[in-house]
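See below for run00.cif, which holds mmCIF, C-alpha atoms; chains and numbers go by the auth columns.
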data_my_file
loop_
_atom_site.group_PDB
_atom_site.id
_atom_site.type_symbol
_atom_site.label_atom_id
_atom_site.label_comp_id
_atom_site.label_asym_id
_atom_site.label_seq_id
_atom_site.Cartn_x
_atom_site.Cartn_y
_atom_site.Cartn_z
_atom_site.B_iso_or_equiv
_atom_site.auth_seq_id
_atom_site.auth_asym_id
ATOM 1 C CA SER A 1 35.211 -25.985 -19.583 0.00 1 A
ATOM 2 C CA ALA A 2 35.212 -29.625 -18.520 0.00 2 A
ATOM 3 C CA VAL A 3 37.873 -32.100 -19.596 0.00 3 A
ATOM 4 C CA TRP A 4 36.639 -35.696 -19.532 0.00 4 A
ATOM 5 C CA SER A 5 38.751 -38.499 -18.127 0.00 5 A
ATOM 6 C CA PRO A 6 36.983 -41.630 -19.409 0.00 6 A
ATOM 7 C CA TYR A 7 37.415 -44.883 -17.512 0.00 7 A
ATOM 8 C CA PRO A 8 37.497 -48.228 -19.297 0.00 8 A
ATOM 9 C CA ASN A 9 34.022 -49.787 -18.870 0.00 9 A
ATOM 10 C CA GLY A 10 32.890 -46.952 -16.579 0.00 10 A
ATOM 11 C CA LEU A 11 32.573 -46.947 -12.809 0.00 11 A
ATOM 12 C CA ASP A 12 29.718 -46.071 -10.512 0.00 12 A
ATOM 13 C CA PRO A 13 30.373 -44.602 -8.040 0.00 13 A
ATOM 14 C CA ALA A 14 33.650 -42.982 -9.073 0.00 14 A
ATOM 15 C CA PRO A 15 35.119 -41.275 -5.980 0.00 15 A
ATOM 16 C CA ILE A 16 37.473 -38.364 -6.702 0.00 16 A
ATOM 17 C CA ALA A 17 39.108 -35.580 -4.693 0.00 17 A
ATOM 18 C CA ALA A 18 41.157 -32.563 -5.743 0.00 18 A
ATOM 19 C CA ALA A 19 43.310 -29.929 -4.051 0.00 19 A
ATOM 20 C CA PRO A 20 45.169 -26.947 -5.471 0.00 20 A
ATOM 21 C CA ALA A 21 48.924 -27.344 -5.888 0.00 21 A
ATOM 22 C CA ARG A 22 51.340 -24.792 -4.463 0.00 22 A
ATOM 23 C CA ASP A 23 52.371 -23.692 -7.958 0.00 23 A
ATOM 24 C CA GLY A 24 48.950 -22.074 -8.415 0.00 24 A
ATOM 25 C CA ARG A 25 48.606 -23.532 -11.924 0.00 25 A
ATOM 26 C CA SER A 26 47.718 -27.163 -11.286 0.00 26 A
ATOM 27 C CA ALA A 27 45.762 -29.405 -8.936 0.00 27 A
ATOM 28 C CA TRP A 28 46.414 -32.706 -7.212 0.00 28 A
ATOM 29 C CA ILE A 29 43.859 -35.403 -8.021 0.00 29 A
ATOM 30 C CA VAL A 30 43.216 -38.719 -6.318 0.00 30 A
ATOM 31 C CA ARG A 31 40.604 -40.962 -7.901 0.00 31 A
ATOM 32 C CA VAL A 32 39.207 -44.465 -7.904 0.00 32 A
ATOM 33 C CA ARG A 33 39.137 -46.124 -11.306 0.00 33 A
ATOM 34 C CA PRO A 34 38.900 -49.624 -12.812 0.00 34 A
ATOM 35 C CA LEU A 35 42.202 -51.404 -13.319 0.00 35 A
ATOM 36 C CA GLU A 36 41.105 -53.001 -16.605 0.00 36 A
ATOM 37 C CA ARG A 37 38.371 -52.669 -19.223 0.00 37 A
ATOM 38 C CA ALA A 38 36.637 -55.966 -18.309 0.00 38 A
ATOM 39 C CA PRO A 39 33.337 -55.703 -16.402 0.00 39 A
ATOM 40 C CA GLY A 40 33.859 -56.276 -12.691 0.00 40 A
ATOM 41 C CA SER A 41 37.525 -55.268 -12.901 0.00 41 A
ATOM 42 C CA ALA A 42 39.305 -54.539 -9.655 0.00 42 A
ATOM 43 C CA ARG A 43 39.413 -50.869 -8.694 0.00 43 A
ATOM 44 C CA ILE A 44 42.564 -48.926 -7.954 0.00 44 A
ATOM 45 C CA LEU A 45 43.296 -45.661 -6.224 0.00 45 A
ATOM 46 C CA GLU A 46 45.357 -43.399 -8.492 0.00 46 A
ATOM 47 C CA LEU A 47 47.242 -40.202 -7.661 0.00 47 A
ATOM 48 C CA GLY A 48 47.936 -37.604 -10.313 0.00 48 A
ATOM 49 C CA ARG A 49 47.983 -33.970 -11.240 0.00 49 A
ATOM 50 C CA ALA A 50 45.843 -31.890 -13.589 0.00 50 A
ATOM 51 C CA ASP A 51 47.438 -28.928 -15.353 0.00 51 A
ATOM 52 C CA SER A 52 45.764 -25.598 -16.117 0.00 52 A
ATOM 53 C CA ALA A 53 44.228 -27.099 -19.289 0.00 53 A
ATOM 54 C CA GLY A 54 42.725 -29.973 -17.268 0.00 54 A
ATOM 55 C CA VAL A 55 45.090 -32.626 -18.653 0.00 55 A
ATOM 56 C CA PHE A 56 45.626 -35.391 -16.083 0.00 56 A
ATOM 57 C CA THR A 57 49.095 -36.893 -15.529 0.00 57 A
ATOM 58 C CA SER A 58 49.179 -40.053 -13.429 0.00 58 A
ATOM 59 C CA TYR A 59 51.753 -40.480 -10.675 0.00 59 A
ATOM 60 C CA GLY A 60 50.711 -44.090 -10.322 0.00 60 A
ATOM 61 C CA GLU A 61 48.588 -46.495 -8.387 0.00 61 A
ATOM 62 C CA ILE A 62 48.339 -46.485 -4.622 0.00 62 A
ATOM 63 C CA ALA A 63 46.444 -48.824 -2.309 0.00 63 A
ATOM 64 C CA PRO A 64 45.690 -51.717 -4.700 0.00 64 A
ATOM 65 C CA GLY A 65 42.866 -54.011 -3.678 0.00 65 A
ATOM 66 C CA ARG A 66 41.313 -51.745 -1.060 0.00 66 A
ATOM 67 C CA ARG A 67 37.677 -50.728 -1.256 0.00 67 A
ATOM 68 C CA VAL A 68 37.654 -46.942 -1.257 0.00 68 A
ATOM 69 C CA THR A 69 34.546 -44.779 -1.102 0.00 69 A
ATOM 70 C CA ASP A 70 35.832 -41.650 0.671 0.00 70 A
ATOM 71 C CA LEU A 71 38.770 -39.470 -0.388 0.00 71 A
ATOM 72 C CA ALA A 72 40.499 -36.254 0.675 0.00 72 A
ATOM 73 C CA LEU A 73 43.913 -34.771 -0.046 0.00 73 A
ATOM 74 C CA ALA A 74 46.044 -31.703 0.569 0.00 74 A
ATOM 75 C CA GLU A 75 49.552 -30.492 -0.244 0.00 75 A
ATOM 76 C CA ASP A 76 51.703 -29.463 2.727 0.00 76 A
ATOM 77 C CA GLY A 77 54.260 -26.660 2.948 0.00 77 A
ATOM 78 C CA ALA A 78 57.078 -28.982 1.884 0.00 78 A
ATOM 79 C CA GLY A 79 55.272 -29.964 -1.330 0.00 79 A
ATOM 80 C CA ALA A 80 54.257 -33.450 -0.150 0.00 80 A
ATOM 81 C CA VAL A 81 50.710 -34.685 -0.718 0.00 81 A
ATOM 82 C CA TRP A 82 48.647 -36.091 2.157 0.00 82 A
ATOM 83 C CA ILE A 83 45.991 -38.588 1.031 0.00 83 A
ATOM 84 C CA LEU A 84 43.169 -39.709 3.308 0.00 84 A
ATOM 85 C CA TYR A 85 41.120 -42.614 1.970 0.00 85 A
ATOM 86 C CA GLY A 86 38.862 -45.385 3.178 0.00 86 A
ATOM 87 C CA ASP A 87 35.294 -46.518 3.587 0.00 87 A
ATOM 88 C CA THR A 88 32.793 -46.730 6.449 0.00 88 A
ATOM 89 C CA THR A 89 34.901 -49.309 8.303 0.00 89 A
ATOM 90 C CA ILE A 90 38.519 -48.108 8.023 0.00 90 A
ATOM 91 C CA THR A 91 40.593 -45.090 7.009 0.00 91 A
ATOM 92 C CA TRP A 92 44.221 -44.775 5.870 0.00 92 A
ATOM 93 C CA LEU A 93 46.450 -41.698 5.737 0.00 93 A
ATOM 94 C CA GLU A 94 49.529 -41.527 3.499 0.00 94 A
ATOM 95 C CA ARG A 95 52.092 -38.838 2.758 0.00 95 A
ATOM 96 C CA ARG A 96 53.602 -38.953 -0.725 0.00 96 A
ATOM 97 C CA VAL A 97 56.471 -36.916 -2.147 0.00 97 A
ATOM 98 C CA CYS A 98 56.211 -36.625 -5.921 0.00 98 A
ATOM 99 C CA GLY A 99 59.047 -35.248 -7.990 0.00 99 A
#
Could you write out this structure as structure tokens?
Amino acid sequence: SAVWSPYPNGLDPAPIAAAPARDGRSAWIVRVRPLERAPGSARILELGRADSAGVFTSYGEIAPGRRVTDLALAEDGAGAVWILYGDTTITWLERRVCG
């Protein structure tokens, strides 16, 4: 079943990417969402994890102020998360270790 993650004031498009976590019971999520409820709010890129019930826990904001339309992520053998994000003009790659 789906678990909704409503954004304040919505967002279209709403880029999102997911990858299974090594624990086999959760998934890494990276998503673009509005920073605030106000129309036209700045967008942020947020990293988090969804548990087996679909409940999202945020690990915080990354890449504030960047326009992001494309996302990908994967967990490496050491448990770090690699996040690839960008748009048609530029791409960034980050490695994050979350405890």
Taking the file above as input, evaluate the PyMOL selection byres ((chain A and resi 18-33) around 7) and report the hits as a PDB file with C-alpha atoms, in the coordinates of the input.
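See out_0.pdb below for the written result:
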ATOM      1  CA  TYR A   7      37.415 -44.883 -17.512  1.00  0.00           C
ATOM      2  CA  LEU A  11      32.573 -46.947 -12.809  1.00  0.00           C
ATOM      3  CA  ALA A  14      33.650 -42.982  -9.073  1.00  0.00           C
ATOM      4  CA  PRO A  15      35.119 -41.275  -5.980  1.00  0.00           C
ATOM      5  CA  ILE A  16      37.473 -38.364  -6.702  1.00  0.00           C
ATOM      6  CA  ALA A  17      39.108 -35.580  -4.693  1.00  0.00           C
ATOM      7  CA  PRO A  34      38.900 -49.624 -12.812  1.00  0.00           C
ATOM      8  CA  LEU A  35      42.202 -51.404 -13.319  1.00  0.00           C
ATOM      9  CA  ARG A  43      39.413 -50.869  -8.694  1.00  0.00           C
ATOM     10  CA  ILE A  44      42.564 -48.926  -7.954  1.00  0.00           C
ATOM     11  CA  LEU A  45      43.296 -45.661  -6.224  1.00  0.00           C
ATOM     12  CA  GLU A  46      45.357 -43.399  -8.492  1.00  0.00           C
ATOM     13  CA  LEU A  47      47.242 -40.202  -7.661  1.00  0.00           C
ATOM     14  CA  GLY A  48      47.936 -37.604 -10.313  1.00  0.00           C
ATOM     15  CA  ARG A  49      47.983 -33.970 -11.240  1.00  0.00           C
ATOM     16  CA  ALA A  50      45.843 -31.890 -13.589  1.00  0.00           C
ATOM     17  CA  ASP A  51      47.438 -28.928 -15.353  1.00  0.00           C
ATOM     18  CA  SER A  52      45.764 -25.598 -16.117  1.00  0.00           C
ATOM     19  CA  LEU A  73      43.913 -34.771  -0.046  1.00  0.00           C
ATOM     20  CA  ALA A  74      46.044 -31.703   0.569  1.00  0.00           C
ATOM     21  CA  GLU A  75      49.552 -30.492  -0.244  1.00  0.00           C
TER      22      GLU A  75
END
Point (34.9, -49.1, 6.6), cut-off 10 Å, counting all atoms listed in the file, residues as a PyMOL selection string: chain A and resi 67-70+86-91
Distance in Å - CA of Cys98 in chain A versus CA of Phe56 in chain A: 14.7 Å
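If you measure from each of A:Ala42, A:Gly79, A:Ala53, A:Trp92 to Gly65 in chain A using only C-alpha atoms, the closest one turns out to be A:Ala42.
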Atomic separation - CA of Tyr85 in chain A relative to CA of Arg66 in chain A, Å: 9.6 Å
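CA of Arg96 in chain A to CA of Ser41 in chain A spans 25.9 Å [interatomic distance, one decimal].
Proximity to Glu94 in chain A was assessed for A:Gly40, A:Thr57, A:Ala72, A:Ala78 counting all atoms listed in the file; the smallest distance is recorded for A:Ala72.
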